[in-house]
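Reproduced below: structure_21.txt, with compact mmCIF, C-alpha atoms.
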# COMPACT_ATOMS: atom_id res chain seq x y z
CA MET A 862 0.00 0.00 0.00
CA SER A 863 2.80 2.43 0.85
CA ASP A 864 4.49 1.70 -2.52
CA ALA A 865 1.30 2.68 -4.30
CA LEU A 866 1.13 5.94 -2.37
CA GLU A 867 4.75 6.72 -3.11
CA ALA A 868 4.13 6.09 -6.80
CA LEU A 869 1.23 8.55 -6.76
CA MET A 870 3.22 11.20 -4.90
CA PRO A 871 6.84 10.96 -6.09
CA ASP A 872 7.82 14.36 -4.67
CA HIS A 873 6.43 13.57 -1.21
CA ASP A 874 9.92 13.39 0.30
CA VAL A 875 10.68 16.78 1.74
CA SER A 876 14.25 17.51 2.68
CA ALA A 877 15.18 19.04 6.01
CA ALA A 878 16.39 22.18 4.21
CA GLU A 879 12.96 22.64 2.59
CA VAL A 880 11.25 22.26 5.95
CA LYS A 881 13.58 24.85 7.50
CA GLU A 882 12.94 27.20 4.58
CA ARG A 883 9.18 26.84 5.02
CA ARG A 884 9.53 27.55 8.75
CA VAL A 885 11.31 30.82 7.91
CA ILE A 886 8.98 31.92 5.09
CA ALA A 887 5.72 30.93 6.82
CA PRO A 888 5.75 33.81 9.37
CA ALA A 889 6.29 36.38 6.60
CA ILE A 890 3.35 35.07 4.59
CA TRP A 891 1.25 34.85 7.76
CA MET A 892 2.00 38.52 8.59
CA LEU A 893 0.98 39.62 5.08
CA VAL A 894 -2.31 37.72 5.30
CA VAL A 895 -3.00 39.12 8.77
CA ALA A 896 -2.30 42.70 7.64
CA ILE A 897 -4.75 42.31 4.75
CA VAL A 898 -7.40 40.79 7.04
CA ILE A 899 -6.91 43.58 9.58
CA GLN A 900 -7.50 46.27 6.97
CA SER A 901 -10.34 44.58 5.11
CA VAL A 902 -12.40 42.47 7.53
CA LEU A 903 -11.75 43.54 11.11
CA PRO A 904 -12.81 47.21 10.81
CA ALA A 905 -16.35 45.89 10.37
CA VAL A 906 -16.07 44.12 13.74
CA SER A 907 -16.56 46.68 16.46
CA LEU A 908 -17.56 45.74 19.94
CA TRP A 909 -18.97 47.22 23.08
CA SER A 910 -16.72 50.14 24.01
CA ALA A 911 -17.54 53.82 23.41
CA PRO A 912 -14.93 54.24 20.72
CA PRO A 913 -15.38 50.86 19.04
CA ALA A 914 -12.73 48.30 19.94
CA VAL A 915 -11.39 46.58 16.84
CA PRO A 916 -9.58 43.28 17.50
CA ASP A 917 -5.80 43.68 17.14
CA LEU A 918 -5.01 40.39 15.43
CA MET A 919 -1.58 41.57 14.35
CA ILE A 920 -0.27 41.87 17.92
CA VAL A 921 -1.54 38.41 18.82
CA VAL A 922 0.18 36.94 15.74
CA VAL A 923 3.41 38.80 16.56
CA CYS A 924 3.26 37.28 20.05
CA ALA A 925 2.77 33.80 18.56
CA ILE A 926 5.72 34.14 16.18
CA ALA A 927 7.88 35.56 18.96
CA VAL A 928 7.19 32.80 21.49
CA LYS A 929 7.92 30.22 18.78
CA ARG A 930 11.07 31.82 17.30
CA GLY A 931 12.72 34.13 19.87
CA VAL A 932 13.58 37.77 20.34
CA LEU A 933 15.03 38.54 16.92
CA ALA A 934 12.24 36.86 14.96
CA GLY A 935 9.64 38.44 17.27
CA ALA A 936 11.04 41.92 16.76
CA LEU A 937 11.26 41.37 13.01
CA ALA A 938 7.68 40.05 12.90
CA GLY A 939 6.56 43.07 14.94
CA PHE A 940 8.26 45.50 12.58
CA THR A 941 6.94 43.74 9.49
CA GLY A 942 3.39 43.40 10.78
CA GLY A 943 3.24 46.91 12.21
CA PHE A 944 4.67 48.48 9.08
CA LEU A 945 2.29 46.52 6.81
CA VAL A 946 -0.69 47.60 8.90
CA GLU A 947 0.46 51.23 8.74
CA LEU A 948 1.05 51.09 4.99
CA LEU A 949 -2.28 49.42 4.20
CA GLY A 950 -4.38 51.53 6.54
CA PRO A 951 -5.30 55.17 6.74
CA GLY A 952 -3.53 57.34 9.26
CA GLY A 953 -0.63 59.65 9.69
CA SER A 954 1.38 57.83 12.32
CA LEU A 955 3.91 55.97 10.22
CA GLY A 956 6.24 54.07 12.53
CA VAL A 957 4.22 54.24 15.75
CA ILE A 958 2.51 50.87 15.31
CA ALA A 959 5.71 49.27 14.01
CA PHE A 960 7.80 50.52 16.93
CA GLY A 961 5.27 49.32 19.50
CA ALA A 962 5.01 45.94 17.77
CA VAL A 963 8.82 45.60 17.70
CA LEU A 964 8.95 46.11 21.46
CA ILE A 965 6.16 43.60 22.06
CA GLY A 966 7.72 41.06 19.68
CA ALA A 967 11.08 41.33 21.44
CA TRP A 968 9.42 41.05 24.87
CA CYS A 969 7.42 37.97 23.86
CA GLY A 970 10.50 36.43 22.25
CA ARG A 971 12.15 36.25 25.66
CA PHE A 972 9.66 33.50 26.53
CA ALA A 973 11.02 31.33 23.69
CA GLU A 974 14.55 31.72 24.95
CA SER A 975 13.65 30.81 28.52
CA GLY A 976 13.37 27.15 27.51
CA GLY A 977 10.10 26.52 29.35
CA ARG A 978 7.15 24.76 27.78
CA MET A 979 4.57 27.22 26.45
CA THR A 980 0.94 26.16 26.84
CA TRP A 981 -2.11 27.72 25.22
CA TRP A 982 -3.25 29.37 28.46
CA MET A 983 0.22 30.88 29.03
CA PHE A 984 0.19 32.20 25.48
CA THR A 985 -3.33 33.58 26.01
CA SER A 986 -2.10 35.48 29.08
CA ILE A 987 0.89 36.91 27.20
CA ALA A 988 -1.22 37.90 24.18
CA ALA A 989 -3.88 39.49 26.40
CA ALA A 990 -1.22 41.53 28.20
CA ALA A 991 0.24 42.64 24.86
CA GLY A 992 -3.24 43.46 23.56
CA GLY A 993 -3.84 45.69 26.59
CA VAL A 994 -0.45 47.41 26.38
CA VAL A 995 -0.79 48.45 22.73
CA PRO A 996 -3.64 50.96 23.31
CA LEU A 997 -1.69 52.42 26.23
CA TRP A 998 1.29 52.87 23.89
CA PHE A 999 -0.89 54.65 21.33
CA GLY A 1000 -2.43 56.74 24.11
CA LEU A 1001 1.03 57.82 25.27
CA VAL A 1002 2.05 58.79 21.73
CA ASP A 1003 -1.22 60.70 21.23
CA THR A 1004 -0.72 62.47 24.56
CA LEU A 1005 2.75 63.55 23.46
CA ARG A 1006 1.19 64.86 20.25
CA GLY A 1007 -1.40 66.77 22.29
CA VAL A 1008 -4.50 64.80 21.23
CA GLY A 1009 -4.53 61.94 23.75
CA LEU A 1010 -7.26 60.72 26.06
CA PRO A 1011 -6.84 60.83 29.83
CA LEU A 1012 -5.95 57.50 31.47
CA ASP A 1013 -9.29 57.24 33.28
CA VAL A 1014 -10.96 57.09 29.86
CA LEU A 1015 -8.25 55.22 27.97
CA ILE A 1016 -7.97 52.20 30.27
CA PRO A 1017 -11.65 51.18 30.65
CA THR A 1018 -12.86 52.14 27.17
CA ILE A 1019 -9.92 51.11 24.99
CA ALA A 1020 -7.26 49.05 26.83
CA VAL A 1021 -9.62 46.62 28.60
CA PRO A 1022 -11.66 45.78 25.45
CA HIS A 1023 -8.45 45.22 23.46
CA LEU A 1024 -7.08 43.00 26.24
CA THR A 1025 -10.31 40.98 26.22
CA LEU A 1026 -10.39 40.63 22.43
CA ALA A 1027 -6.74 39.52 22.36
CA ALA A 1028 -7.52 36.86 24.98
CA ILE A 1029 -10.47 35.64 22.88
CA MET A 1030 -8.39 35.40 19.67
CA ALA A 1031 -5.27 33.93 21.30
CA PRO A 1032 -6.26 30.21 21.46
CA LEU A 1033 -7.07 30.11 17.73
CA VAL A 1034 -3.85 31.97 16.85
CA TRP A 1035 -1.89 29.58 19.09
CA TRP A 1036 -3.41 26.61 17.30
CA VAL A 1037 -2.44 28.08 13.90
CA ALA A 1038 1.06 28.90 15.16
CA ARG A 1039 1.60 25.34 16.37
CA ARG A 1040 0.54 23.95 12.97
CA LEU A 1041 2.37 26.54 10.88
CA LEU A 1042 5.59 27.04 12.84
CA GLY A 1043 5.98 23.72 14.61
CA ALA A 1044 8.13 23.32 17.69
CA PRO A 1045 9.80 26.35 19.29
CA GLN A 1046 13.11 27.12 17.65
CA VAL A 1047 15.08 30.24 18.48
CA VAL A 1048 16.21 31.91 15.26
CA GLU A 1049 19.28 34.11 15.41
CA PRO A 1050 21.32 35.57 12.54
CA GLY A 1051 23.91 32.77 12.49
CA MET A 1052 21.16 30.12 12.55
CA MET A 1053 19.43 31.02 9.27
CA PRO A 1054 19.40 28.27 6.61
CA ARG A 1055 21.67 28.84 3.64
Can you turn what I pasted into structure tokens?
Amino acid sequence: MSDALEALMPDHDVSAAEVKERRVIAPAIWMLVVAIVIQSVLPAVSLWSAPPAVPDLMIVVVCAIAVKRGVLAGALAGFTGGFLVELLGPGGSLGVIAFGAVLIGAWCGRFAESGGRMTWWMFTSIAAAAGGVVPLWFGLVDTLRGVGLPLDVLIPTIAVPHLTLAAIMAPLVWWVARRLLGAPQVVEPGMMPR
């Protein structure tokens, strides 16, 4: 039976180099898809808060890539995802989302390097914390620009809904990350496949 299957699928053998290459390219493709979904589908999803809270899928995906690949890959995923979201969306804050996502990606990447086993509930906690920090980062930048909301409005109406939405999305993103990226593997510059 296995000979018949091999005859039907002669190119079924995948070399280790091809698997490594897929593991490096998969996060980039995932970030592009997420950026397109964020700009096309998610603006229609607005939930209970006074200014509508739109789920920040990009930050949750950056967290997933970071906890699977380490600090460098997390920071790179944060920059890529944040920059794509800024380029595809309206707004005049080029670099603000990317910088915040770089910091979150690097922070989440520390969990990959700690060597501990990451479970879905640990990832949900990390993603929820990141989802709550992002609106505070934007609030700080807006305050420095002179257009920010006070903290007593920002935290309950924007940060808490984003934290909740990130916690809701995190288990599904974790499931996709486990299928797409496989086992945790810290990626540093000298470890890239040639």
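Residue nearest Ser954 of chain A within the list A:Val1002, A:Ile890, A:Leu918, A:Cys924: A:Val1002 [criterion: smallest interatomic distance, only C-alpha atoms].
Taking atom CA of Val995 of chain A and atom CA of Gly961 of chain A as the two end points, the separation is 6.9 Å.
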Q) So how far away is atom CA of Val1037 of chain A from atom CA of Phe972 of chain A, in Å? A)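 Distance between the two atoms: 18.3 Å.
Surrounding residues of (4.0, 32.5, 20.3) at most 8 Å away are A:Val922, A:Val923, A:Cys924, A:Ala925, A:Ile926, A:Ala927, A:Val928, A:Lys929, A:Arg930, A:Cys969, A:Gly970, A:Ala973, A:Phe984, A:Trp1035, A:Ala1038 (based on all atoms listed in the file).
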File of the preceding selection, C-alpha atoms, as a PDB file, in the frame of the given file:
ATOM      1  CA  VAL A 922       0.180  36.940  15.740  1.00  0.00           C
ATOM      2  CA  VAL A 923       3.410  38.800  16.560  1.00  0.00           C
ATOM      3  CA  CYS A 924       3.260  37.280  20.050  1.00  0.00           C
ATOM      4  CA  ALA A 925       2.770  33.800  18.560  1.00  0.00           C
ATOM      5  CA  ILE A 926       5.720  34.140  16.180  1.00  0.00           C
ATOM      6  CA  ALA A 927       7.880  35.560  18.960  1.00  0.00           C
ATOM      7  CA  VAL A 928       7.190  32.800  21.490  1.00  0.00           C
ATOM      8  CA  LYS A 929       7.920  30.220  18.780  1.00  0.00           C
ATOM      9  CA  ARG A 930      11.070  31.820  17.300  1.00  0.00           C
ATOM     10  CA  CYS A 969       7.420  37.970  23.860  1.00  0.00           C
ATOM     11  CA  GLY A 970      10.500  36.430  22.250  1.00  0.00           C
ATOM     12  CA  ALA A 973      11.020  31.330  23.690  1.00  0.00           C
ATOM     13  CA  PHE A 984       0.190  32.200  25.480  1.00  0.00           C
ATOM     14  CA  TRP A1035      -1.890  29.580  19.090  1.00  0.00           C
ATOM     15  CA  ALA A1038       1.060  28.900  15.160  1.00  0.00           C
TER      16      ALA A1038
END
(Q) With distances taken over only C-alpha atoms, which residue among A:Val946, A:Leu933, A:Leu1041, A:Pro916 lies nearest Pro1022 of chain A? (A) A:Pro916
How big is the axis-aligned box, and where does its centre sit, when it encloses all atoms of segment 890-893 of chain A listed in the file and has 4 Å added on every side, reported in Å to one decimal as lines of an AutoDock Vina configuration file?
center_x = 2.2
center_y = 37.2
center_z = 6.6
size_x = 10.4
size_y = 12.8
size_z = 12.0
Q: Name the closest residue to Ala896 of chain A among the candidates A:Leu937, A:Val957, A:Val932, A:Phe944; distances are taken between atoms, counting all atoms listed in the file.
A: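 With all atoms listed in the file as the atom set, the closest residue is A:Phe944.
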Starting from the incomplete input, reconstruct N, CA and C atoms of segment 951-977 of chain A and write that as a PDB file, in the coordinates of the input.
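Output file result.pdb follows:
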ATOM      1  N   PRO A 951      -5.361  53.713   6.696  1.00  0.00           N
ATOM      2  CA  PRO A 951      -5.300  55.170   6.740  1.00  0.00           C
ATOM      3  C   PRO A 951      -4.681  55.630   8.047  1.00  0.00           C
ATOM      4  N   GLY A 952      -4.107  56.796   8.030  1.00  0.00           N
ATOM      5  CA  GLY A 952      -3.530  57.340   9.260  1.00  0.00           C
ATOM      6  C   GLY A 952      -2.218  58.022   8.972  1.00  0.00           C
ATOM      7  N   GLY A 953      -1.848  58.891   9.883  1.00  0.00           N
ATOM      8  CA  GLY A 953      -0.630  59.650   9.690  1.00  0.00           C
ATOM      9  C   GLY A 953       0.427  59.351  10.723  1.00  0.00           C
ATOM     10  N   SER A 954       0.431  58.155  11.257  1.00  0.00           N
ATOM     11  CA  SER A 954       1.380  57.830  12.320  1.00  0.00           C
ATOM     12  C   SER A 954       2.343  56.737  11.864  1.00  0.00           C
ATOM     13  N   LEU A 955       3.011  56.972  10.769  1.00  0.00           N
ATOM     14  CA  LEU A 955       3.910  55.970  10.220  1.00  0.00           C
ATOM     15  C   LEU A 955       5.062  55.702  11.185  1.00  0.00           C
ATOM     16  N   GLY A 956       5.180  54.475  11.624  1.00  0.00           N
ATOM     17  CA  GLY A 956       6.240  54.070  12.530  1.00  0.00           C
ATOM     18  C   GLY A 956       5.800  53.821  13.953  1.00  0.00           C
ATOM     19  N   VAL A 957       4.680  54.387  14.367  1.00  0.00           N
ATOM     20  CA  VAL A 957       4.220  54.240  15.750  1.00  0.00           C
ATOM     21  C   VAL A 957       3.783  52.799  16.019  1.00  0.00           C
ATOM     22  N   ILE A 958       2.973  52.246  15.139  1.00  0.00           N
ATOM     23  CA  ILE A 958       2.510  50.870  15.310  1.00  0.00           C
ATOM     24  C   ILE A 958       3.699  49.915  15.192  1.00  0.00           C
ATOM     25  N   ALA A 959       4.559  50.146  14.219  1.00  0.00           N
ATOM     26  CA  ALA A 959       5.710  49.270  14.010  1.00  0.00           C
ATOM     27  C   ALA A 959       6.638  49.275  15.217  1.00  0.00           C
ATOM     28  N   PHE A 960       6.899  50.441  15.787  1.00  0.00           N
ATOM     29  CA  PHE A 960       7.800  50.520  16.930  1.00  0.00           C
ATOM     30  C   PHE A 960       7.201  49.801  18.144  1.00  0.00           C
ATOM     31  N   GLY A 961       5.928  50.019  18.396  1.00  0.00           N
ATOM     32  CA  GLY A 961       5.270  49.320  19.500  1.00  0.00           C
ATOM     33  C   GLY A 961       5.265  47.812  19.300  1.00  0.00           C
ATOM     34  N   ALA A 962       5.026  47.373  18.067  1.00  0.00           N
ATOM     35  CA  ALA A 962       5.010  45.940  17.770  1.00  0.00           C
ATOM     36  C   ALA A 962       6.407  45.328  17.872  1.00  0.00           C
ATOM     37  N   VAL A 963       7.451  46.084  17.539  1.00  0.00           N
ATOM     38  CA  VAL A 963       8.820  45.600  17.700  1.00  0.00           C
ATOM     39  C   VAL A 963       9.112  45.339  19.179  1.00  0.00           C
ATOM     40  N   LEU A 964       8.714  46.277  20.026  1.00  0.00           N
ATOM     41  CA  LEU A 964       8.950  46.110  21.460  1.00  0.00           C
ATOM     42  C   LEU A 964       8.194  44.898  22.009  1.00  0.00           C
ATOM     43  N   ILE A 965       6.955  44.737  21.585  1.00  0.00           N
ATOM     44  CA  ILE A 965       6.160  43.600  22.060  1.00  0.00           C
ATOM     45  C   ILE A 965       6.723  42.292  21.519  1.00  0.00           C
ATOM     46  N   GLY A 966       7.125  42.266  20.247  1.00  0.00           N
ATOM     47  CA  GLY A 966       7.720  41.060  19.680  1.00  0.00           C
ATOM     48  C   GLY A 966       8.998  40.666  20.400  1.00  0.00           C
ATOM     49  N   ALA A 967       9.841  41.636  20.725  1.00  0.00           N
ATOM     50  CA  ALA A 967      11.080  41.330  21.440  1.00  0.00           C
ATOM     51  C   ALA A 967      10.769  40.847  22.862  1.00  0.00           C
ATOM     52  N   TRP A 968       9.801  41.463  23.516  1.00  0.00           N
ATOM     53  CA  TRP A 968       9.420  41.050  24.870  1.00  0.00           C
ATOM     54  C   TRP A 968       8.878  39.619  24.870  1.00  0.00           C
ATOM     55  N   CYS A 969       7.997  39.316  23.932  1.00  0.00           N
ATOM     56  CA  CYS A 969       7.420  37.970  23.860  1.00  0.00           C
ATOM     57  C   CYS A 969       8.466  36.938  23.448  1.00  0.00           C
ATOM     58  N   GLY A 970       9.449  37.341  22.672  1.00  0.00           N
ATOM     59  CA  GLY A 970      10.500  36.430  22.250  1.00  0.00           C
ATOM     60  C   GLY A 970      11.356  35.936  23.395  1.00  0.00           C
ATOM     61  N   ARG A 971      11.403  36.691  24.479  1.00  0.00           N
ATOM     62  CA  ARG A 971      12.150  36.250  25.660  1.00  0.00           C
ATOM     63  C   ARG A 971      11.572  34.955  26.224  1.00  0.00           C
ATOM     64  N   PHE A 972      10.279  34.720  26.033  1.00  0.00           N
ATOM     65  CA  PHE A 972       9.660  33.500  26.530  1.00  0.00           C
ATOM     66  C   PHE A 972      10.161  32.278  25.756  1.00  0.00           C
ATOM     67  N   ALA A 973      10.487  32.445  24.485  1.00  0.00           N
ATOM     68  CA  ALA A 973      11.020  31.330  23.690  1.00  0.00           C
ATOM     69  C   ALA A 973      12.414  30.966  24.153  1.00  0.00           C
ATOM     70  N   GLU A 974      13.178  31.959  24.545  1.00  0.00           N
ATOM     71  CA  GLU A 974      14.550  31.720  24.950  1.00  0.00           C
ATOM     72  C   GLU A 974      14.673  31.212  26.371  1.00  0.00           C
ATOM     73  N   SER A 975      13.585  31.277  27.137  1.00  0.00           N
ATOM     74  CA  SER A 975      13.650  30.810  28.520  1.00  0.00           C
ATOM     75  C   SER A 975      13.705  29.287  28.596  1.00  0.00           C
ATOM     76  N   GLY A 976      13.284  28.609  27.543  1.00  0.00           N
ATOM     77  CA  GLY A 976      13.370  27.150  27.510  1.00  0.00           C
ATOM     78  C   GLY A 976      12.203  26.430  28.152  1.00  0.00           C
ATOM     79  N   GLY A 977      11.265  27.151  28.737  1.00  0.00           N
ATOM     80  CA  GLY A 977      10.100  26.520  29.350  1.00  0.00           C
ATOM     81  C   GLY A 977       9.082  26.107  28.305  1.00  0.00           C
TER      82      GLY A 977
END
